[in-house]
Every structure is written in C-alpha cells, then in structure tokens.
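Visitor: Structure supplied as model29.cif; contents: mmCIF, C-alpha atoms.
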data_my_file
#
loop_
_atom_site.label_atom_id
_atom_site.label_comp_id
_atom_site.auth_asym_id
_atom_site.auth_seq_id
_atom_site.Cartn_x
_atom_site.Cartn_y
_atom_site.Cartn_z
CA MET G 100 16.10 13.74 -2.48
CA SER G 101 12.95 12.41 -4.14
CA ARG G 102 12.39 13.49 -7.74
CA PHE G 103 9.10 14.21 -9.48
CA LEU G 104 8.51 11.06 -11.51
CA PHE G 105 7.23 12.61 -14.73
CA ASP G 106 10.40 14.69 -15.00
CA HIS G 107 12.39 11.43 -15.17
CA VAL G 108 9.91 8.88 -16.51
CA ASP G 109 11.97 8.27 -19.67
CA ASP G 110 14.71 6.83 -17.45
CA LEU G 111 12.39 3.92 -16.56
CA GLY G 112 11.86 2.67 -20.12
CA PRO G 113 15.25 0.93 -20.47
CA ARG G 114 14.79 -0.75 -17.09
CA LEU G 115 11.40 -2.10 -18.11
CA ARG G 116 12.73 -3.41 -21.42
CA ALA G 117 15.67 -5.10 -19.70
CA ALA G 118 13.57 -6.72 -16.99
CA GLY G 119 12.56 -10.34 -17.44
CA SER G 120 9.75 -9.99 -14.90
CA LEU G 121 7.90 -7.26 -13.04
CA ALA G 122 6.40 -6.97 -9.54
CA LEU G 123 4.10 -3.98 -8.99
CA PHE G 124 3.00 -3.10 -5.45
CA LEU G 125 0.38 -0.41 -4.84
CA ASP G 126 -1.17 1.07 -1.71
CA PHE G 127 -4.93 1.63 -1.90
CA ASP G 128 -6.25 4.69 -0.01
CA GLY G 129 -4.43 7.86 -1.00
CA THR G 130 -2.65 6.05 -3.83
CA LEU G 131 -5.15 4.29 -6.09
CA VAL G 132 -8.15 6.14 -4.69
CA ALA G 133 -8.49 9.54 -3.06
CA PHE G 134 -9.25 9.69 0.66
CA ARG G 135 -12.94 9.81 1.49
CA ASP G 136 -14.61 11.15 4.62
CA ASP G 137 -16.26 7.73 4.80
CA PRO G 138 -13.60 5.07 3.98
CA GLY G 139 -16.40 2.64 3.18
CA ARG G 140 -17.24 4.68 0.06
CA ALA G 141 -13.80 4.34 -1.54
CA THR G 142 -14.07 2.51 -4.85
CA LEU G 143 -11.73 1.63 -7.69
CA SER G 144 -12.62 3.35 -10.98
CA PRO G 145 -13.38 1.24 -14.08
CA SER G 146 -10.34 2.73 -15.84
CA LEU G 147 -8.04 1.67 -13.01
CA ARG G 148 -9.55 -1.82 -13.03
CA ARG G 149 -8.76 -2.15 -16.73
CA LEU G 150 -5.20 -0.93 -16.21
CA LEU G 151 -4.49 -3.33 -13.34
CA LEU G 152 -5.93 -6.26 -15.28
CA ASP G 153 -3.87 -5.26 -18.30
CA ILE G 154 -0.64 -5.02 -16.32
CA SER G 155 -1.23 -8.30 -14.46
CA ALA G 156 -2.21 -10.27 -17.57
CA ASP G 157 1.32 -11.51 -18.35
CA GLU G 158 2.61 -14.53 -16.40
CA ASN G 159 5.90 -12.75 -15.79
CA ARG G 160 4.21 -9.97 -13.83
CA ILE G 161 2.49 -9.74 -10.48
CA VAL G 162 0.32 -6.94 -9.11
CA ALA G 163 -0.16 -6.66 -5.37
CA ILE G 164 -2.37 -4.26 -3.41
CA VAL G 165 -0.87 -3.48 0.00
CA SER G 166 -3.08 -1.62 2.47
CA GLY G 167 -3.87 -0.88 6.09
CA ARG G 168 -7.38 -2.19 5.44
CA GLU G 169 -8.36 -5.71 6.42
CA ARG G 170 -7.39 -8.11 3.67
CA ALA G 171 -10.95 -9.36 3.15
CA ASP G 172 -12.28 -5.80 2.84
CA LEU G 173 -9.47 -4.87 0.46
CA GLN G 174 -10.02 -7.91 -1.75
CA ALA G 175 -13.80 -7.34 -1.87
CA ARG G 176 -13.31 -3.64 -2.64
CA VAL G 177 -10.82 -4.22 -5.49
CA GLY G 178 -12.34 -7.49 -6.63
CA LEU G 179 -9.87 -8.35 -9.40
CA PRO G 180 -8.86 -11.98 -9.94
CA GLY G 181 -5.23 -13.00 -10.00
CA LEU G 182 -3.98 -10.11 -7.85
CA ILE G 183 -2.18 -10.39 -4.50
CA TYR G 184 -3.88 -8.73 -1.53
CA ALA G 185 -1.89 -7.73 1.56
CA GLY G 186 -4.04 -6.25 4.31
CA ASN G 187 -3.40 -4.88 7.79
CA HIS G 188 -0.12 -3.30 6.63
CA GLY G 189 1.11 -6.62 5.25
CA LEU G 190 0.28 -8.80 8.27
CA GLU G 191 -2.17 -10.90 6.20
CA ILE G 192 -1.65 -11.85 2.56
CA SER G 193 -3.63 -13.84 0.01
CA GLY G 194 -3.20 -14.74 -3.63
CA PRO G 195 -4.13 -17.49 -6.06
CA GLY G 196 -3.91 -20.69 -4.03
CA PHE G 197 -2.47 -19.30 -0.79
CA ILE G 198 -3.18 -17.27 2.34
CA PHE G 199 -0.72 -16.15 5.00
CA ILE G 200 -1.11 -14.49 8.40
CA GLU G 201 1.97 -13.35 10.32
CA PRO G 202 1.91 -15.79 13.26
CA THR G 203 3.25 -13.50 15.99
CA ALA G 204 0.61 -10.86 15.24
CA VAL G 205 -2.16 -13.41 15.75
CA GLY G 206 -1.20 -13.60 19.43
CA TYR G 207 -2.02 -9.91 19.88
CA ARG G 208 -5.62 -10.13 18.73
CA GLU G 209 -7.12 -10.24 22.24
CA CYS G 210 -4.89 -7.37 23.43
CA LEU G 211 -5.88 -5.25 20.44
CA GLN G 212 -9.55 -5.97 21.01
CA LYS G 213 -9.23 -4.77 24.61
CA LEU G 214 -7.43 -1.65 23.45
CA ALA G 215 -10.23 -0.92 20.97
CA GLU G 216 -12.80 -1.45 23.73
CA THR G 217 -10.89 1.06 25.88
CA LEU G 218 -10.77 3.68 23.12
CA VAL G 219 -14.43 3.52 22.07
CA PRO G 220 -15.99 5.10 25.19
CA ARG G 221 -13.23 7.72 25.43
CA LEU G 222 -13.95 8.92 21.90
CA GLU G 223 -17.72 8.48 21.73
CA ASP G 224 -18.52 12.10 22.60
CA ILE G 225 -16.30 13.39 19.77
CA GLY G 226 -18.46 13.46 16.68
CA GLY G 227 -16.69 12.11 13.59
CA ALA G 228 -14.05 10.14 15.51
CA TRP G 229 -14.40 6.38 15.54
CA VAL G 230 -12.46 3.19 16.22
CA GLU G 231 -12.01 0.43 13.65
CA ASP G 232 -10.98 -2.96 15.04
CA LYS G 233 -9.41 -4.84 12.12
CA GLY G 234 -8.44 -7.97 14.04
CA LEU G 235 -4.69 -7.66 13.60
CA THR G 236 -4.57 -3.85 13.90
CA VAL G 237 -6.71 -0.99 15.19
CA SER G 238 -7.32 2.38 13.52
CA VAL G 239 -8.69 5.56 15.05
CA HIS G 240 -10.30 7.67 12.30
CA TRP G 241 -10.95 11.37 12.82
CA ARG G 242 -11.38 12.76 9.31
CA GLN G 243 -14.93 13.91 10.11
CA ALA G 244 -14.12 15.21 13.59
CA PRO G 245 -13.92 18.96 14.36
CA ALA G 246 -10.38 20.27 13.78
CA GLU G 247 -10.34 21.89 17.24
CA ARG G 248 -10.59 18.46 18.86
CA ALA G 249 -7.60 16.96 17.04
CA GLU G 250 -5.28 17.47 20.02
CA GLU G 251 -7.81 15.88 22.35
CA ILE G 252 -8.01 12.82 20.11
CA ARG G 253 -4.23 12.60 20.02
CA ARG G 254 -4.06 12.69 23.84
CA ILE G 255 -6.73 9.99 24.15
CA VAL G 256 -4.89 7.65 21.77
CA HIS G 257 -1.51 8.21 23.40
CA GLY G 258 -3.02 7.87 26.86
CA ALA G 259 -4.61 4.53 26.03
CA LEU G 260 -1.31 3.22 24.69
CA GLU G 261 0.63 4.42 27.73
CA ASN G 262 -1.67 2.45 30.02
CA THR G 263 -1.38 -0.85 28.17
CA SER G 264 1.15 -3.47 29.22
CA HIS G 265 1.64 -4.72 25.66
CA PRO G 266 3.96 -3.14 23.08
CA PHE G 267 2.33 -1.55 20.06
CA VAL G 268 3.51 0.60 17.16
CA LEU G 269 1.64 3.85 16.51
CA THR G 270 1.82 5.53 13.10
CA THR G 271 -0.02 8.61 11.89
CA GLY G 272 -1.73 8.69 8.53
CA ASP G 273 -4.07 11.21 6.91
CA LYS G 274 -6.37 11.93 9.88
CA VAL G 275 -6.00 8.39 11.16
CA TYR G 276 -3.95 6.74 13.89
CA ASP G 277 -2.87 3.19 13.08
CA ILE G 278 -1.97 0.88 15.95
CA ARG G 279 -0.11 -2.33 15.14
CA PRO G 280 1.46 -5.07 17.26
CA ARG G 281 5.21 -4.61 17.72
CA VAL G 282 6.36 -7.54 15.61
CA TYR G 283 9.30 -7.95 13.24
CA TRP G 284 7.10 -7.53 10.20
CA HIS G 285 6.03 -4.59 8.06
CA LYS G 286 5.11 -3.75 4.46
CA GLY G 287 8.73 -4.25 3.36
CA SER G 288 8.67 -7.74 4.92
CA ALA G 289 5.43 -8.48 3.09
CA VAL G 290 6.94 -7.42 -0.25
CA HIS G 291 9.92 -9.74 0.21
CA TRP G 292 7.64 -12.60 1.34
CA ILE G 293 5.38 -12.21 -1.71
CA ARG G 294 8.30 -12.11 -4.15
CA GLU G 295 9.84 -15.22 -2.57
CA ARG G 296 6.51 -17.08 -2.42
CA LEU G 297 5.96 -16.47 -6.14
CA GLY G 298 9.57 -16.95 -7.23
CA MET G 299 9.90 -13.30 -8.26
CA GLN G 300 13.00 -12.37 -6.23
CA GLU G 301 14.79 -11.13 -9.36
CA ALA G 302 11.82 -9.18 -10.73
CA LEU G 303 12.06 -5.45 -11.29
CA THR G 304 9.99 -4.17 -8.38
CA LEU G 305 7.86 -1.02 -8.35
CA TYR G 306 6.26 0.17 -5.13
CA VAL G 307 3.82 3.09 -5.01
CA GLY G 308 2.44 4.34 -1.70
CA ASP G 309 1.47 7.42 0.27
CA ASP G 310 1.45 6.25 3.88
CA ALA G 311 4.07 6.43 6.63
CA THR G 312 3.98 2.62 6.75
CA ASP G 313 5.00 2.50 3.08
CA GLU G 314 8.38 3.94 4.07
CA ASP G 315 9.37 0.46 5.32
CA ALA G 316 8.81 -0.88 1.81
CA PHE G 317 10.71 1.99 0.18
CA ALA G 318 13.68 1.32 2.44
CA ALA G 319 13.52 -2.43 1.78
CA LEU G 320 13.79 -1.93 -2.00
CA PRO G 321 17.05 -0.06 -2.67
CA ASP G 322 17.21 -1.46 -6.22
CA GLY G 323 13.53 -0.99 -6.97
CA ILE G 324 11.50 1.88 -8.38
CA THR G 325 9.93 3.47 -5.31
CA ILE G 326 7.32 6.21 -5.60
CA LYS G 327 5.84 8.34 -2.81
CA VAL G 328 2.40 9.84 -3.39
CA GLY G 329 1.84 13.24 -1.80
CA GLU G 330 4.37 15.41 0.00
CA ALA G 331 7.87 14.29 -0.98
CA THR G 332 9.65 15.55 2.14
CA GLU G 333 11.45 13.03 4.34
CA THR G 334 10.83 9.96 2.22
CA ALA G 335 13.05 7.04 1.26
CA ALA G 336 11.33 6.83 -2.12
CA VAL G 337 13.36 7.72 -5.20
CA TYR G 338 10.45 9.41 -6.98
CA HIS G 339 7.20 11.11 -6.02
CA LEU G 340 3.79 11.85 -7.51
CA ARG G 341 1.25 14.39 -6.35
CA ASP G 342 -1.98 12.41 -5.98
CA PRO G 343 -4.03 9.41 -7.22
CA VAL G 344 -4.67 11.23 -10.51
CA ASP G 345 -0.91 11.19 -11.14
CA VAL G 346 -0.80 7.51 -10.14
CA GLU G 347 -3.39 6.57 -12.74
CA ARG G 348 -1.50 8.59 -15.34
CA PHE G 349 1.68 6.69 -14.44
CA LEU G 350 -0.10 3.32 -14.64
CA GLU G 351 -1.33 4.26 -18.12
CA TRP G 352 2.27 5.05 -19.09
CA LEU G 353 3.43 1.75 -17.57
CA ALA G 354 0.77 -0.34 -19.34
CA ASN G 355 1.60 1.30 -22.69
CA ASN G 356 5.33 0.69 -22.27
CA LEU G 357 4.76 -2.94 -21.29
CA ARG G 358 2.66 -3.46 -24.41
CA GLN G 359 5.41 -1.90 -26.54
CA THR G 360 8.01 -4.14 -24.89
CA ILE G 361 5.97 -7.25 -25.77
CA THR G 362 5.49 -6.01 -29.35
CA LEU G 363 9.22 -5.44 -29.75
CA ALA G 364 10.02 -8.85 -28.29
CA HIS G 365 7.78 -10.55 -30.87
CA SER G 366 8.80 -8.47 -33.87
CA PRO G 367 10.66 -10.17 -36.80
CA ASN G 368 13.73 -8.01 -36.19
CA ALA G 369 13.90 -9.10 -32.58
CA LYS G 370 13.77 -12.75 -33.60
CA GLU G 371 16.52 -12.24 -36.16
CA GLU G 372 18.71 -10.47 -33.58
CA SER G 373 18.16 -13.24 -31.01
CA SER G 374 19.15 -15.95 -33.52
CA SER G 375 22.23 -14.16 -34.86
#
Do you think you could lay out the structure here as structure tokens?

Guide:
Amino acid sequence: MSRFLFDHVDDLGPRLRAAGSLALFLDFDGTLVAFRDDPGRATLSPSLRRLLLDISADENRIVAIVSGRERADLQARVGLPGLIYAGNHGLEISGPGFIFIEPTAVGYRECLQKLAETLVPRLEDIGGAWVEDKGLTVSVHWRQAPAERAEEIRRIVHGALENTSHPFVLTTGDKVYDIRPRVYWHKGSAVHWIRERLGMQEALTLYVGDDATDEDAFAALPDGITIKVGEATETAAVYHLRDPVDVERFLEWLANNLRQTITLAHSPNAKEESSS
C-alpha cells in the first residue's frame, strides 16, 4: 500500500547520501502544475524553475520531464536548458545533443490522423469537448464539457476505436481520453532508455507522476523512489502526495538535502575520513 511521503520522508535522506548519482523524472500536468480548464494556460512557476535548475545543476544528476504533451510543446512550456524532455507519453525524447522518436509509433501517424478526423465531427456539437492531434498520440479533452454529456463523450470515443482496424491503447486521465498506438513502449521504457543513453543505469531514480500512464514507470522501477500524486488507491507507487503544492514542497526538501549532501562531502571531516 502506498504511504504518504511526508510521513516517511526522513527514510529518503540516507538513500540520497549513499547515492553516487540521481535521476529525477517528473510528470507535468497534475504533478508540477495544477490542471487548467485550458491546457494551453498551464505554466511553470518561477519557484519551480529555480528548484529544477538547482537540482539539475550537478553533473551527477539528471532531471527529465515526462508528459502526454507533445515534446516540442513541453520543452517550450518548461523552457529550462539541460533538462530531458519526453513527450507523447515517452514516445519522443530530447536532451542535450540528442533526439529520439520510437520508430514503430511513427508508422501509426496516418492512422491516428484519420482517427482524429473521425472524432472531430462527432464531438463538435458538444461544447467544451475537443480533439488534440499530437502526431504520435491523440487526446480527447472534455474538462469544459457539461458533466451530463460525459457518458456520450465516452461512447463516441469507444465507438470510434471499435470501428478502426488498427490497434490502439486507450487510457483515461483527468477529464481526458488518451489514445496511443499499441507499441511495446511506455513511460517506463522511456525512463530506462534515458538512463541508458546518459549512462545513469545505477543512479538512484525518483519518479513523480499523477497519470494512469505513469503506472508503467512505477512498475518499471522496483528499486526506485516512486511517488503518485493524487488518489493513492490502486497504484504501484511506494509513496503518494496530494497535489502539485505537495510536489513543490517535496522538491524544496530534495534540493535542500542535496545541498547538504554536497556540503558534507566537501567538509574537512569528510576528507579526513576518506583518507584514513
């Protein structure tokens, strides 16, 4: 059963001090920023920007933002140099000096575009429901739609998928349906790829996310520190936090502990102990 992180946060200190390197993975919407009725208005606060830059400043650490958004949109929205950006649920990844797109998913682009074109006219008379074609995935947003039409939207989405000849994966987020190609790749795969690409396979890995698609990453990191944001029921994460406010509070705790670890490592006593 997942445990509330701040009731056990002192257990993490020894693991941080013992770790030679650190890999921090964070979802965006619902984790770093609260959900907005208009996803285009979601922005990263100045305090979070400072924390992420602080945490990523050491060469033995990486910070990656993993999101269902398109990678280019995610990178432009966060806009911090030196970070790793994994968009479309990990199907496309970029970092300093590299970019990767899962090759099998590329072959589904035309099929996804046709699916989006099918959904648009079926949803156009439902105010507040709209289709986002993200190239490698499609999302149906209904946060601004009337609650009494939620079942109708669900039937439309499921009906469109039943009539397609191509296999897709449907996951449900916070008033959004995410449709992905059925490929052997998910956020957990992206985490492992990033760590291998950057030579961080042995790094202590922290993953913080709120979405159903983050469960793949939680399950892929049995030795990591996994944190679910939101309702803690039926999650593979070891810990949970309530909301993005808790996430920022945790990142402040993490940044402070990392600074203390560096200070201890460079103290005269530490040098004497290492030479004795």

Visitor: What's around region 207-216 of chain G at 8 Å? Count all atoms listed in the file, leave out sequence neighbours fewer than 2 positions away in its own chain, and write the answer as a list in words.

Guide: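 After dropping sequence-adjacent residues, the list is Thr203, Ala204, Val205, Leu218, Val219, Pro220, Val230, Glu231, Asp232, Gly234, Leu235, Thr236, Val237, Ala259, Leu260, Thr263, His265 and Pro280 of chain G.
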
Visitor: For this structure, which residues satisfy the selection - the PyMOL selection byres ((chain G and resi 318) around 12) - when it is evaluated on the file as given? I want them as a ChimeraX atom specification.

Guide: /G:285-288,290-291,306,311-317,319-327,334-337

Visitor: Using all atoms listed in the file, find the one residue out of G:Asp310, G:Glu351, G:Glu158, G:Glu191 that sits nearest to Gly298 (chain G).

Guide: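 Closest to Gly298 (chain G), using all atoms listed in the file: G:Glu158.
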
Visitor: Give me the result of the PyMOL selection byres ((chain G and resi 253) around 12) on this file, residue by residue, as a compact mmCIF listing (two decimals) with C-alpha atoms, in the frame of the given file.

Guide:
# COMPACT_ATOMS: atom_id res chain seq x y z
CA LEU G 218 -10.77 3.68 23.12
CA ARG G 221 -13.23 7.72 25.43
CA LEU G 222 -13.95 8.92 21.90
CA ALA G 228 -14.05 10.14 15.51
CA VAL G 239 -8.69 5.56 15.05
CA HIS G 240 -10.30 7.67 12.30
CA TRP G 241 -10.95 11.37 12.82
CA ALA G 246 -10.38 20.27 13.78
CA GLU G 247 -10.34 21.89 17.24
CA ARG G 248 -10.59 18.46 18.86
CA ALA G 249 -7.60 16.96 17.04
CA GLU G 250 -5.28 17.47 20.02
CA GLU G 251 -7.81 15.88 22.35
CA ILE G 252 -8.01 12.82 20.11
CA ARG G 254 -4.06 12.69 23.84
CA ILE G 255 -6.73 9.99 24.15
CA VAL G 256 -4.89 7.65 21.77
CA HIS G 257 -1.51 8.21 23.40
CA GLY G 258 -3.02 7.87 26.86
CA ALA G 259 -4.61 4.53 26.03
CA LEU G 260 -1.31 3.22 24.69
CA LEU G 269 1.64 3.85 16.51
CA THR G 270 1.82 5.53 13.10
CA THR G 271 -0.02 8.61 11.89
CA LYS G 274 -6.37 11.93 9.88
CA VAL G 275 -6.00 8.39 11.16
CA TYR G 276 -3.95 6.74 13.89
CA ASP G 277 -2.87 3.19 13.08

Visitor: Would you give the centre and edge lengths, in Å to one decimal, of a box along x, y and z around the listed atoms of region 109-128 of chain G, with 6 Å added to each side, as AutoDock Vina command-line options?

Guide:
--center_x 4.7 --center_y -1.0 --center_z -10.7 --size_x 33.9 --size_y 30.6 --size_z 33.4

Visitor: Would you mind telling me which residue in G:Ser264, G:Ser193, G:Ser120, G:Ser101 lies nearest to Thr360 (chain G) when using only C-alpha atoms?

Guide: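 Checking each of G:Ser264, G:Ser193, G:Ser120, G:Ser101 against Thr360 (chain G), counting only C-alpha atoms, the winner is G:Ser120.
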
Visitor: For the PyMOL selection byres ((chain G and resi 114) around 12), applied here, can you spell out every residue it catches as a PDB file with C-alpha atoms, keeping the file's coordinate frame?

Guide:
ATOM      1  CA  VAL G 108       9.910   8.880 -16.510  1.00  0.00           C
ATOM      2  CA  ASP G 109      11.970   8.270 -19.670  1.00  0.00           C
ATOM      3  CA  ASP G 110      14.710   6.830 -17.450  1.00  0.00           C
ATOM      4  CA  LEU G 111      12.390   3.920 -16.560  1.00  0.00           C
ATOM      5  CA  GLY G 112      11.860   2.670 -20.120  1.00  0.00           C
ATOM      6  CA  PRO G 113      15.250   0.930 -20.470  1.00  0.00           C
ATOM      7  CA  LEU G 115      11.400  -2.100 -18.110  1.00  0.00           C
ATOM      8  CA  ARG G 116      12.730  -3.410 -21.420  1.00  0.00           C
ATOM      9  CA  ALA G 117      15.670  -5.100 -19.700  1.00  0.00           C
ATOM     10  CA  ALA G 118      13.570  -6.720 -16.990  1.00  0.00           C
ATOM     11  CA  GLY G 119      12.560 -10.340 -17.440  1.00  0.00           C
ATOM     12  CA  SER G 120       9.750  -9.990 -14.900  1.00  0.00           C
ATOM     13  CA  LEU G 121       7.900  -7.260 -13.040  1.00  0.00           C
ATOM     14  CA  ALA G 302      11.820  -9.180 -10.730  1.00  0.00           C
ATOM     15  CA  LEU G 303      12.060  -5.450 -11.290  1.00  0.00           C
ATOM     16  CA  THR G 304       9.990  -4.170  -8.380  1.00  0.00           C
ATOM     17  CA  LEU G 305       7.860  -1.020  -8.350  1.00  0.00           C
ATOM     18  CA  ASP G 322      17.210  -1.460  -6.220  1.00  0.00           C
ATOM     19  CA  GLY G 323      13.530  -0.990  -6.970  1.00  0.00           C
ATOM     20  CA  ILE G 324      11.500   1.880  -8.380  1.00  0.00           C
ATOM     21  CA  LEU G 353       3.430   1.750 -17.570  1.00  0.00           C
ATOM     22  CA  ASN G 356       5.330   0.690 -22.270  1.00  0.00           C
ATOM     23  CA  LEU G 357       4.760  -2.940 -21.290  1.00  0.00           C
ATOM     24  CA  THR G 360       8.010  -4.140 -24.890  1.00  0.00           C
TER      25      THR G 360
END

Visitor: Pick the closest to Gln243 (chain G) from G:Ala175, G:Ala354, G:Ile225, G:Ala141: which is it, counting all atoms listed in the file?

Guide: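 Closest candidate: G:Ile225.
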
Visitor: My list of candidates is G:Leu340, G:Leu350, G:Arg294, G:Arg148. Which is closest to Asp106 (chain G) when distances are computed with only C-alpha atoms?

Guide: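 Checking each candidate against Asp106 (chain G), we get G:Leu340 as the closest.
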
Visitor: How many Å lie between CA of Arg242 (chain G) and CA of Ser166 (chain G), rounded to one decimal?

Guide: 18.0 Å

Visitor: Give the answer as one residue: which of G:Met299, G:Ile200, G:Val328, G:Ile192 has the shortest atom-to-atom distance to Asn159 (chain G), using all atoms listed in the file?

Guide: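 With all atoms listed in the file as the atom set, the closest residue is G:Met299.
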
Visitor: So how far away is CA of Phe105 (chain G) from CA of Asp136 (chain G), in Å?

Guide: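 Distance between the two atoms: 29.2 Å.
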
Visitor: Of the candidates G:Gln359, G:Ser238, G:Asn262, G:Asn187, which shows the shortest atom-to-atom distance to Asp126 (chain G), using only C-alpha atoms?

Guide: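 Looking at the shortest contact to Asp126 (chain G), the residue is G:Asn187.
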
Visitor: Report as a ChimeraX atom specification all protein, DNA and RNA residues lying within 12 Å of Pro145 (chain G), evaluated on all atoms listed in the file, omitting residues in the same chain fewer than 3 positions from it.

Guide: /G:131-132,142,148-152,177-179,347

Visitor: Give me, please, the distance in Å between CA of Leu297 (chain G) and CA of Pro195 (chain G), quoted to one decimal.

Guide: 10.1 Å

Visitor: Would you list the contacts of Pro343 (chain G) as a tab-separated table (two decimals) with C-alpha atoms, keeping the file's coordinate frame, taking every protein, DNA or RNA residue within 10 Å and counting only C-alpha atoms, but skipping same-chain residues closer than 4 positions in sequence?

Guide:
chain	number	residue	atom	x	y	z
G	127	PHE	CA	-4.93	1.63	-1.90
G	128	ASP	CA	-6.25	4.69	-0.01
G	129	GLY	CA	-4.43	7.86	-1.00
G	130	THR	CA	-2.65	6.05	-3.83
G	131	LEU	CA	-5.15	4.29	-6.09
G	132	VAL	CA	-8.15	6.14	-4.69
G	133	ALA	CA	-8.49	9.54	-3.06
G	134	PHE	CA	-9.25	9.69	0.66
G	308	GLY	CA	2.44	4.34	-1.70
G	309	ASP	CA	1.47	7.42	0.27
G	328	VAL	CA	2.40	9.84	-3.39
G	329	GLY	CA	1.84	13.24	-1.80
G	347	GLU	CA	-3.39	6.57	-12.74
G	348	ARG	CA	-1.50	8.59	-15.34
G	349	PHE	CA	1.68	6.69	-14.44

Visitor: Can you pull out every residue within 6 Å of Ala163 (chain G), counting all atoms listed in the file, but drop anything in the same chain fewer than 4 positions away, and send it as a PyMOL selection string?

Guide: chain G and resi 124+182-184

Visitor: Filtering to C-alpha atoms, could you give me those residues as a PDB file, in the frame of the given file?

Guide:
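out_38.pdb written:
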ATOM      1  CA  PHE G 124       3.000  -3.100  -5.450  1.00  0.00           C
ATOM      2  CA  LEU G 182      -3.980 -10.110  -7.850  1.00  0.00           C
ATOM      3  CA  ILE G 183      -2.180 -10.390  -4.500  1.00  0.00           C
ATOM      4  CA  TYR G 184      -3.880  -8.730  -1.530  1.00  0.00           C
TER       5      TYR G 184
END

Visitor: So which residues touch Gly186 (chain G) within 8 Å, counting only C-alpha atoms, skipping near sequence neighbours fewer than 6 positions away, as a PyMOL selection string?

Guide: chain G and resi 165-171+173+192

Visitor: Take region 299-305 of chain G, model all heavy atoms, and hand the result over as a tab-separated table (two decimals), keeping the file's coordinate frame.

Guide:
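Generated file (selection-v9.tsv):
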chain	number	residue	atom	x	y	z
G	299	MET	N	9.67	-14.54	-7.53
G	299	MET	CA	9.90	-13.30	-8.26
G	299	MET	C	10.99	-12.46	-7.59
G	299	MET	O	10.98	-11.23	-7.69
G	299	MET	CB	8.60	-12.49	-8.35
G	299	MET	CG	7.46	-13.19	-9.05
G	299	MET	SD	7.67	-13.23	-10.84
G	299	MET	CE	7.10	-11.60	-11.28
G	300	GLN	N	11.95	-13.11	-6.94
G	300	GLN	CA	13.00	-12.37	-6.23
G	300	GLN	C	13.81	-11.48	-7.15
G	300	GLN	O	14.32	-10.43	-6.74
G	300	GLN	CB	13.94	-13.32	-5.49
G	300	GLN	CG	13.28	-14.14	-4.39
G	300	GLN	CD	12.89	-15.53	-4.88
G	300	GLN	OE1	12.41	-15.68	-6.00
G	300	GLN	NE2	13.14	-16.54	-4.06
G	301	GLU	N	13.97	-11.90	-8.42
G	301	GLU	CA	14.79	-11.13	-9.36
G	301	GLU	C	13.97	-10.15	-10.19
G	301	GLU	O	14.51	-9.47	-11.06
G	301	GLU	CB	15.53	-12.10	-10.30
G	301	GLU	CG	16.40	-13.12	-9.58
G	301	GLU	CD	17.43	-12.47	-8.69
G	301	GLU	OE1	18.02	-11.46	-9.12
G	301	GLU	OE2	17.64	-12.96	-7.55
G	302	ALA	N	12.68	-10.07	-9.94
G	302	ALA	CA	11.82	-9.18	-10.73
G	302	ALA	C	12.14	-7.72	-10.46
G	302	ALA	O	12.49	-7.34	-9.33
G	302	ALA	CB	10.35	-9.46	-10.42
G	303	LEU	N	12.01	-6.89	-11.49
G	303	LEU	CA	12.06	-5.45	-11.29
G	303	LEU	C	10.84	-5.08	-10.45
G	303	LEU	O	9.70	-5.38	-10.83
G	303	LEU	CB	12.02	-4.72	-12.63
G	303	LEU	CG	11.94	-3.19	-12.56
G	303	LEU	CD1	13.16	-2.61	-11.86
G	303	LEU	CD2	11.78	-2.60	-13.95
G	304	THR	N	11.07	-4.44	-9.31
G	304	THR	CA	9.99	-4.17	-8.38
G	304	THR	C	9.66	-2.69	-8.32
G	304	THR	O	10.54	-1.85	-8.15
G	304	THR	CB	10.36	-4.67	-6.97
G	304	THR	OG1	10.65	-6.07	-7.03
G	304	THR	CG2	9.22	-4.45	-6.00
G	305	LEU	N	8.37	-2.38	-8.49
G	305	LEU	CA	7.86	-1.02	-8.35
G	305	LEU	C	6.95	-0.98	-7.15
G	305	LEU	O	6.08	-1.85	-6.98
G	305	LEU	CB	7.07	-0.59	-9.59
G	305	LEU	CG	7.82	-0.31	-10.89
G	305	LEU	CD1	8.24	-1.61	-11.57
G	305	LEU	CD2	6.95	0.51	-11.83
